[in-house]
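Okay, structure first, notes after.
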Protein chains: 2
Amino acid sequence: MDITHIAKLSGVSKSTVSRVLNNSKKVNINTRKKVLKVVEDTGYIPNNIARSLKLKKTKTIGVIFPDIGNPFYFEVLRGIEKKLYEEDFNIMLCTSDYDDNKELTNISLLASKKVDGIIAAPNYENSRGVALLQKLDIPFILTDLPQDNLKTNGIFVDHSKCSCTATDYLIENGHRRIAVISAKRNADTTSKFVQGYMRSLSEHGIQVDNSLIVECYPNIYNGYLTIKELISNKIDFSAVITICDLLAIGVYKAARRFGLKIPEDISIIGNDNIPLSKFLTPPLTTIHQPKILLGYKSAELLLRYVKNKDKPKKSHSTVTLDIKLIKRGSVRRKDDKD
Amino acid sequence: MDITHIAKLSGVSKSTVSRVLNNSKKVNINTRKKVLKVVEDTGYIPNNIARSLKLKKTKTIGVIFPDIGNPFYFEVLRGIEKKLYEEDFNIMLCTSDYDDNKELTNISLLASKKVDGIIAAPNYENSRGVALLQKLDIPFILTDLPQDNLKTNGIFVDHSKCSCTATDYLIENGHRRIAVISAKRNADTTSKFVQGYMRSLSEHGIQVDNSLIVECYPNIYNGYLTIKELISNKIDFSAVITICDLLAIGVYKAARRFGLKIPEDISIIGNDNIPLSKFLTPPLTTIHQPKILLGYKSAELLLRYVKNKDKPKKSHSTVTLDIKLIKRGSVRRKDDKD
DNA sequence: ATGAAAGCGCTAACAC
DNA sequence: GTGTTAGCGCTTTCAT
C-alpha cells in the first residue's frame, strides 16, 4: 500500500495525493475529499522513510544518556519528551553505560539513521563522543555536564556550584572532615564537582585530604561501597556530599549497616533531588536540579538549530540553570565537643 | 558525502562500495582495502534511511509506555535496551501519558516511521491502541498488562495473582478491612488487580466493600490523595495494597501527614518492587516483578517475529513471568483486640 | 570480481 | 488545479 496505490484508487496522480497529504493549498476541495476518503478507507499510512530520504529530515532526535537506571536522567528525558512531542518529533534513545565505545557506537548509529539532532549527556568531560559530535555536522546539544574549553551549545547545571553550596552549608554547620563522592570522569582534570568542593574548603581555610575524595560510577551500590571502604580504612569524617541522590541512598544503606545514625553520626547532602529522596528517613537534604526543565530547554534549544540549519554555525549558546539547596533532615549541626 | 562519492574517490563503482560496506564475500581483497581506506579518510557514514527504504527494514523498534515517570517502566526499558543493543537495534521511545489519543497518535507515528516492531504497555485492557496494532501488520509485543479475550503475543505478569498473593498475606496476618488502590483502566471490566483482590477476599469468606476499592493514575500524589479521602470519609481499614510501589509511597506520605504509623496503624503491601522501595521507612513489603527480565524477554520475543516475518502469523505466544512476595517491614500482624 | 541499471516510496520542480 | 518526471542514497539482479 503506497501513494501510487492511493492515487489509482482515487483516480488522480501521486503528486495530488502527496499534496492533499501535506495540506498543500493548491488542490481542489472535491479531489481533496475524494483522496481523503480513500486514505481513510484503506487505512493508508505514509512511508516516512521515503519522505525522509527525499526531504533530508527525519523528525527524530537522538538522545544519548549514560544510564537510564538513574532517575535523574529519566526526569530529564521526560522534559525532552514533552517538548519533542509538542513539536512532532520522535526520540531515538540510546544508553552509553558510561562506556566510551558504546557512546561512540551510538553516535554513529544515530548519525547513520539521520536523526535531525542529538541531545547528549556525555560520559566524560571532553570525551571522544563529544569530539565525534563536533565534526559530524548534526546539530547537537550537550546537557548536564559542561565541557571545559569547549564551545558547544548546551544546557547545564554548574556542578561545581552544587558541591560548593553543599560544602559551604556543611562547614557552616561545623563540619570539617567532609567526604565527597563524585562521578568517575576519565578526564585528566578533577571533576567539576570535586573542584567546587575544594573551592569551598579552601575558602574556609580547610586543608584538602585526598583520602576523603572518591570517584565512582554513580549508583546505589557504589555509594554503599565507598562508605564501607572509608570506614574500614578508619578514615575520619562527619559528613559526606554526593554527586547524585542515588549515591546518597547508598550512603544511607552503609550507615544503617554499620550502625551509624543519620544525621547524628553522619550528615549527608545529595545532589539532583530525585522525586524519592524526600521519602528517605531522614528526608535527604540535597541540591535541587531542575531536571525536567533541563530536558525541556535542551530540546527547545536543539530544535531551534534543527529548524534553521542556515543559522551561523559558529555561534553557540550555553545556558546554566539555577540550583537550590533543599534543607531536609540529613544534616545536623556538629558541636565542637563532638 | 554519499556512496557515489566514495566510489569515485576509490575508483570503483557504487555496487562495489556497497559490497565492501556490507561485507559481501565477492570482493577482491585489494579493492576492499582501497575502499575501506577512503571510507576511513572521509569519515563517511552510510545513509541508513536510504538503506531502509530499499531493504524495507529499519533496525529500530518502537516502544510505547504510559509513563516514564514511573520507575517500573524504566526498569522494563533497561531490559529492552539491553537486548536491543545486543542485536543492533535502536529504540524509538514514546509516552502515552495514559491518554488514549496520544497512544493512538504514537502508534501511527511509529508505523509511518516504519519501525520493524513495537513493544507496548497499553494504557488499558483492550484499548483502541491495541486494536490499531492488530490491524497494522507490524510485529508487536504487549507487555505488563495482559489483554482479556485477546490473542496477542506478550510477556506479562499476572496482576490478579499479585493482588491475590498480597491480600492472602494480609488476611493471614489478621486483616479484614483491606483497601486496594489500583490503576485506572477505562475498560468495562474491573481491573485484574482488583479481581485478584476480590478472589482472595471471597476465598476467605470476606465481604467485598466497594468503598475500599479505588482506581486512579498510579503516581505518588494519587496514593496520598486516596488515603486522605478514605480517612476524611471515615472509612475503616487496617491495611492497603497498591498496584505499584509509587502509589505505596503516596500512602506513606499520607500516613505520616495524618499521624498514622506504618505498620502499627496501617499495614501496606506494594507491587513491582522498584529499587528504592527497600529504602523507605519501614522498608516496603511488596510483590516483586521481574522488570528487567520483562523488558529483555519482550525484546527477545519481538525480535524473533521481526526476523522471520514469514512465520505463521496466527500463532502467538504469551509468557507469564513469576512474581514473589518480598516481606519487609510494612506489614504487621493484627491482633483480634485491635 | 566488478559495473550498469532498476527501483524502494516519496516530493517538488516544471509543464500544462 | 493537476500530471509527468527526476531524483533522494542505497542494494541487488543481471551481465560481463
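Residue numbering restarts at 1 in every chain; chains get A, B, ... in the order shown in the C-alpha cells, and ligands count up from 1 in that same order.
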
Inset, instruction - Please identify all polymer residues within 12 Å of DA4 (chain C), counting only C-alpha atoms (C1' of nucleotides), omitting same-chain residues fewer than 2 positions from it, and present them as number ranges by chain. - result: B: 13-16; C: 2, 6; D: 12-16

Legend entry - Lys261 (chain B) environment, 10 Å, only C-alpha atoms (C1' of nucleotides), sequence neighbours closer than 5 positions dropped, as a PyMOL selection string: chain B and resi 252+255-256+266-267+282+330

Preceding selection exported with C-alpha atoms as a compact mmCIF listing (two decimals), in the first residue's frame:
```txt
# COMPACT_ATOMS: atom_id res chain seq x y z
CA TYR B 252 3.42 6.50 53.36
CA ALA B 255 0.14 8.15 56.83
CA ARG B 256 2.83 10.48 58.03
CA ILE B 266 -1.74 0.70 58.69
CA SER B 267 -0.13 -2.27 57.02
CA PRO B 282 9.83 0.96 57.17
CA SER B 330 5.38 -2.57 56.28
```

Inset, instruction - Determine which residues of region 109-279 of chain B receive a DSSP assignment of strand (DSSP E or B), computed from the backbone, and state them as an MDAnalysis selection string. - result: chainID B and resid 117:120 140:144 154:157 178:183 213:216 239:242 267:272

Go through chain A and flag each residue having an atom no more than 8 Å from chain B; for those, report the closest pair of atoms plus their distance in Å to one decimal, using only C-alpha atoms, ordered by chain and rising number, as a tab-separated table.
```
residue	atom	partner	partner_atom	distance
A:Ile45	CA	B:Ser112	CA	5.9
A:Pro46	CA	B:Ser112	CA	5.7
A:Asn47	CA	B:Ser112	CA	5.1
A:Asn48	CA	B:Lys113	CA	5.0
A:Ile49	CA	B:Lys113	CA	5.9
A:Ala50	CA	B:Leu53	CA	6.1
A:Ser52	CA	B:Ile49	CA	7.3
A:Leu53	CA	B:Ile49	CA	6.1
A:Ile68	CA	B:Arg78	CA	6.8
A:Gly69	CA	B:Glu75	CA	6.9
A:Pro71	CA	B:Pro71	CA	7.6
A:Phe74	CA	B:Gly69	CA	6.9
A:Glu75	CA	B:Gly69	CA	6.9
A:Arg78	CA	B:Ile68	CA	6.9
A:Glu81	CA	B:Thr95	CA	7.7
A:Asn90	CA	B:Met92	CA	6.9
A:Ile91	CA	B:Met92	CA	5.6
A:Met92	CA	B:Met92	CA	4.4
A:Leu93	CA	B:Ile91	CA	5.6
A:Cys94	CA	B:Ile91	CA	7.2
A:Thr95	CA	B:Glu81	CA	7.8
A:Ser108	CA	B:Ile45	CA	7.4
A:Ala111	CA	B:Ile45	CA	7.3
A:Ser112	CA	B:Asn47	CA	5.1
A:Lys113	CA	B:Asn48	CA	5.0
A:Lys114	CA	B:Ile49	CA	6.9
A:Ile249	CA	B:Phe279	CA	7.6
A:Lys253	CA	B:Phe279	CA	7.8
A:Leu276	CA	B:Leu276	CA	7.7
A:Phe279	CA	B:Leu280	CA	6.5
A:Leu280	CA	B:Leu280	CA	5.6
A:Thr281	CA	B:Thr281	CA	6.1
```

For the residues selected in the previous step, produce a file with N, CA and C atoms as a compact mmCIF listing (two decimals), in the first residue's frame.
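Dumped everything to result_3.txt:
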```
# COMPACT_ATOMS: atom_id res chain seq x y z
N ILE A 45 -1.06 4.58 5.68
CA ILE A 45 -0.14 5.40 6.48
C ILE A 45 1.09 5.68 5.63
N PRO A 46 1.38 6.97 5.40
CA PRO A 46 2.51 7.35 4.53
C PRO A 46 3.83 6.76 5.03
N ASN A 47 4.70 6.49 4.12
CA ASN A 47 6.01 5.96 4.45
C ASN A 47 6.98 7.11 4.72
N ASN A 48 7.25 7.33 5.96
CA ASN A 48 8.11 8.44 6.32
C ASN A 48 9.58 8.20 6.03
N ILE A 49 9.92 6.96 5.79
CA ILE A 49 11.30 6.68 5.42
C ILE A 49 11.57 7.28 4.04
N ALA A 50 10.65 7.03 3.14
CA ALA A 50 10.79 7.58 1.79
C ALA A 50 10.76 9.11 1.84
N SER A 52 11.55 10.98 4.33
CA SER A 52 12.78 11.47 4.93
C SER A 52 13.94 11.47 3.94
N LEU A 53 13.99 10.45 3.14
CA LEU A 53 15.08 10.34 2.17
C LEU A 53 15.02 11.53 1.22
N ILE A 68 20.16 4.84 32.06
CA ILE A 68 18.75 5.11 32.32
C ILE A 68 18.25 4.43 33.59
N GLY A 69 19.17 3.88 34.37
CA GLY A 69 18.77 3.35 35.67
C GLY A 69 18.71 4.46 36.72
N PRO A 71 17.31 7.81 38.10
CA PRO A 71 16.11 8.65 37.97
C PRO A 71 16.41 10.05 37.46
N PHE A 74 15.98 10.08 33.84
CA PHE A 74 14.60 9.90 33.44
C PHE A 74 13.81 11.17 33.53
N GLU A 75 14.10 11.92 34.54
CA GLU A 75 13.41 13.19 34.68
C GLU A 75 13.79 14.11 33.52
N ARG A 78 11.96 13.08 30.51
CA ARG A 78 10.56 13.50 30.49
C ARG A 78 10.43 14.90 29.92
N GLU A 81 10.99 14.69 26.19
CA GLU A 81 9.84 14.07 25.53
C GLU A 81 8.70 15.08 25.38
N ASN A 90 10.14 12.57 17.19
CA ASN A 90 10.30 11.35 17.96
C ASN A 90 11.68 11.29 18.61
N ILE A 91 11.77 10.45 19.62
CA ILE A 91 13.03 10.26 20.32
C ILE A 91 13.63 8.91 19.97
N MET A 92 14.90 8.91 19.60
CA MET A 92 15.61 7.66 19.49
C MET A 92 16.56 7.61 20.68
N LEU A 93 16.31 6.67 21.56
CA LEU A 93 17.00 6.66 22.85
C LEU A 93 18.16 5.67 22.91
N CYS A 94 19.32 6.15 23.31
CA CYS A 94 20.48 5.28 23.47
C CYS A 94 21.09 5.42 24.86
N THR A 95 21.73 4.36 25.28
CA THR A 95 22.38 4.37 26.57
C THR A 95 23.86 4.06 26.36
N SER A 108 27.43 7.13 16.07
CA SER A 108 27.49 6.75 14.66
C SER A 108 26.17 6.17 14.18
N ALA A 111 23.79 8.87 13.70
CA ALA A 111 24.16 9.63 12.51
C ALA A 111 23.72 8.88 11.26
N SER A 112 23.93 7.59 11.24
CA SER A 112 23.56 6.81 10.06
C SER A 112 22.05 6.74 9.90
N LYS A 113 21.35 6.86 11.01
CA LYS A 113 19.89 6.86 10.89
C LYS A 113 19.36 8.27 10.64
N LYS A 114 20.29 9.18 10.46
CA LYS A 114 19.95 10.54 10.05
C LYS A 114 19.01 11.29 10.98
N ILE A 249 21.72 7.47 48.64
CA ILE A 249 20.93 6.34 49.14
C ILE A 249 21.86 5.20 49.54
N LYS A 253 22.39 3.34 53.19
CA LYS A 253 22.44 1.89 53.36
C LYS A 253 23.66 1.48 54.17
N LEU A 276 12.18 10.70 44.86
CA LEU A 276 12.04 9.83 46.01
C LEU A 276 12.88 10.21 47.20
N PHE A 279 11.47 10.94 50.61
CA PHE A 279 10.81 9.87 51.33
C PHE A 279 11.79 8.98 52.09
N LEU A 280 13.04 9.33 52.02
CA LEU A 280 14.01 8.59 52.82
C LEU A 280 13.84 8.98 54.28
N THR A 281 14.43 8.21 55.16
CA THR A 281 14.41 8.57 56.58
C THR A 281 15.84 8.70 57.06
```

Inset, instruction - Report as a list in words the set of chain C residues whose atoms approach chain A to within 12 Å, with distances computed over only C-alpha atoms (C1' of nucleotides). - result: DC8, DG9, DC10, DT11, DA12 and DA13 of chain C

Using only C-alpha atoms (C1' of nucleotides), which chain D residues lie at most 12 Å away from chain A, written as a tab-separated table (two decimals) with N, CA and C atoms (P, O5', C5', C4', C3', O3' and C1' of nucleotides), in the first residue's frame?
```tsv
chain	number	residue	atom	x	y	z
D	1	DG	P	-6.48	25.90	-6.94
D	1	DG	O5'	-6.67	24.72	-8.00
D	1	DG	C5'	-7.83	24.51	-8.74
D	1	DG	C4'	-7.65	23.20	-9.42
D	1	DG	C3'	-7.17	22.05	-8.55
D	1	DG	O3'	-7.74	20.86	-9.11
D	1	DG	C1'	-5.50	22.54	-10.16
D	2	DT	P	-7.53	19.40	-8.64
D	2	DT	O5'	-6.38	18.88	-9.58
D	2	DT	C5'	-6.73	18.52	-10.93
D	2	DT	C4'	-5.48	18.08	-11.66
D	2	DT	C3'	-4.78	16.86	-11.07
D	2	DT	O3'	-4.96	15.79	-11.99
D	2	DT	C1'	-3.25	18.53	-11.79
D	3	DG	P	-4.34	14.34	-11.75
D	3	DG	O5'	-3.08	14.46	-12.73
D	3	DG	C5'	-3.31	14.62	-14.13
D	3	DG	C4'	-1.99	14.61	-14.87
D	3	DG	C3'	-1.13	13.36	-14.64
D	3	DG	O3'	-0.59	12.98	-15.90
D	3	DG	C1'	0.11	15.30	-14.06
D	4	DT	P	0.27	11.66	-16.08
D	4	DT	O5'	1.70	12.23	-16.43
D	4	DT	C5'	1.86	13.50	-17.05
D	4	DT	C4'	3.35	13.73	-17.31
D	4	DT	C3'	4.23	12.49	-17.23
D	4	DT	O3'	5.28	12.65	-18.15
D	4	DT	C1'	4.89	14.00	-15.54
D	5	DT	P	6.44	11.52	-18.34
D	5	DT	O5'	7.54	12.09	-17.35
D	5	DT	C5'	8.02	13.44	-17.52
D	5	DT	C4'	9.10	13.70	-16.50
D	5	DT	C3'	10.07	12.55	-16.28
D	5	DT	O3'	11.38	13.09	-16.27
D	5	DT	C1'	9.24	13.27	-14.21
D	6	DA	P	12.64	12.16	-16.52
D	6	DA	O5'	13.70	12.83	-15.54
D	6	DA	C5'	13.62	14.24	-15.28
D	6	DA	C4'	14.14	14.51	-13.88
D	6	DA	C3'	15.34	13.66	-13.48
D	6	DA	O3'	16.22	14.50	-12.77
D	6	DA	C1'	13.61	13.35	-11.91
D	7	DG	P	17.69	14.00	-12.46
D	7	DG	O5'	17.59	13.67	-10.92
D	7	DG	C5'	17.14	14.69	-10.02
D	7	DG	C4'	16.98	14.06	-8.67
D	7	DG	C3'	18.07	13.03	-8.32
D	7	DG	O3'	18.42	13.20	-6.97
D	7	DG	C1'	15.97	12.09	-8.01
D	8	DC	P	19.91	13.05	-6.50
D	8	DC	O5'	19.76	12.94	-4.91
D	8	DC	C5'	19.05	13.89	-4.13
D	8	DC	C4'	18.40	13.16	-2.98
D	8	DC	C3'	19.23	11.98	-2.48
D	8	DC	O3'	20.06	12.42	-1.41
D	8	DC	C1'	16.88	11.45	-2.65
D	9	DG	P	21.66	12.30	-1.51
D	9	DG	O5'	21.90	10.78	-1.10
D	9	DG	C5'	21.53	10.35	0.20
D	9	DG	C4'	21.59	8.85	0.23
D	9	DG	C3'	22.91	8.26	-0.22
D	9	DG	O3'	23.31	7.33	0.77
D	9	DG	C1'	21.14	7.23	-1.38
D	10	DC	P	24.62	6.43	0.68
D	10	DC	O5'	23.98	5.02	0.27
D	10	DC	C5'	23.45	4.18	1.25
D	10	DC	C4'	22.38	3.30	0.66
D	10	DC	C3'	22.89	1.98	0.10
D	10	DC	O3'	22.92	1.05	1.19
D	10	DC	C1'	21.14	2.94	-1.24
```

Inset, instruction - Find the spatial neighbours of Asp322 (chain A), counting only C-alpha atoms (C1' of nucleotides), within a cut-off of 10 Å - ignore same-chain residues fewer than 3 positions away - and output them as a ChimeraX atom specification. - result: /A:156-158,161-162,288-290,319

Ala166 (chain A): which residues within 8 Å, counting only C-alpha atoms (C1' of nucleotides), same-chain residues fewer than 4 positions away excluded, as a tab-separated table (two decimals) with N, CA and C atoms, in the first residue's frame?
```tsv
chain	number	residue	atom	x	y	z
A	162	CYS	N	27.11	23.38	42.75
A	162	CYS	CA	26.34	22.43	43.58
A	162	CYS	C	27.18	21.97	44.77
A	170	LEU	N	27.64	22.61	54.94
A	170	LEU	CA	28.16	21.66	55.92
A	170	LEU	C	29.17	22.34	56.85
A	241	ILE	N	29.17	14.55	50.92
A	241	ILE	CA	28.33	15.05	49.84
A	241	ILE	C	28.49	14.12	48.65
A	269	ILE	N	24.59	15.31	52.24
A	269	ILE	CA	23.87	16.14	51.28
A	269	ILE	C	23.98	15.50	49.90
A	286	THR	N	19.42	18.02	50.01
A	286	THR	CA	20.04	17.84	48.69
A	286	THR	C	20.05	19.15	47.91
A	287	ILE	N	20.74	19.14	46.80
A	287	ILE	CA	20.74	20.30	45.92
A	287	ILE	C	19.75	20.01	44.81
A	325	LEU	N	19.62	24.77	47.31
A	325	LEU	CA	19.79	23.86	48.44
A	325	LEU	C	18.43	23.56	49.06
```
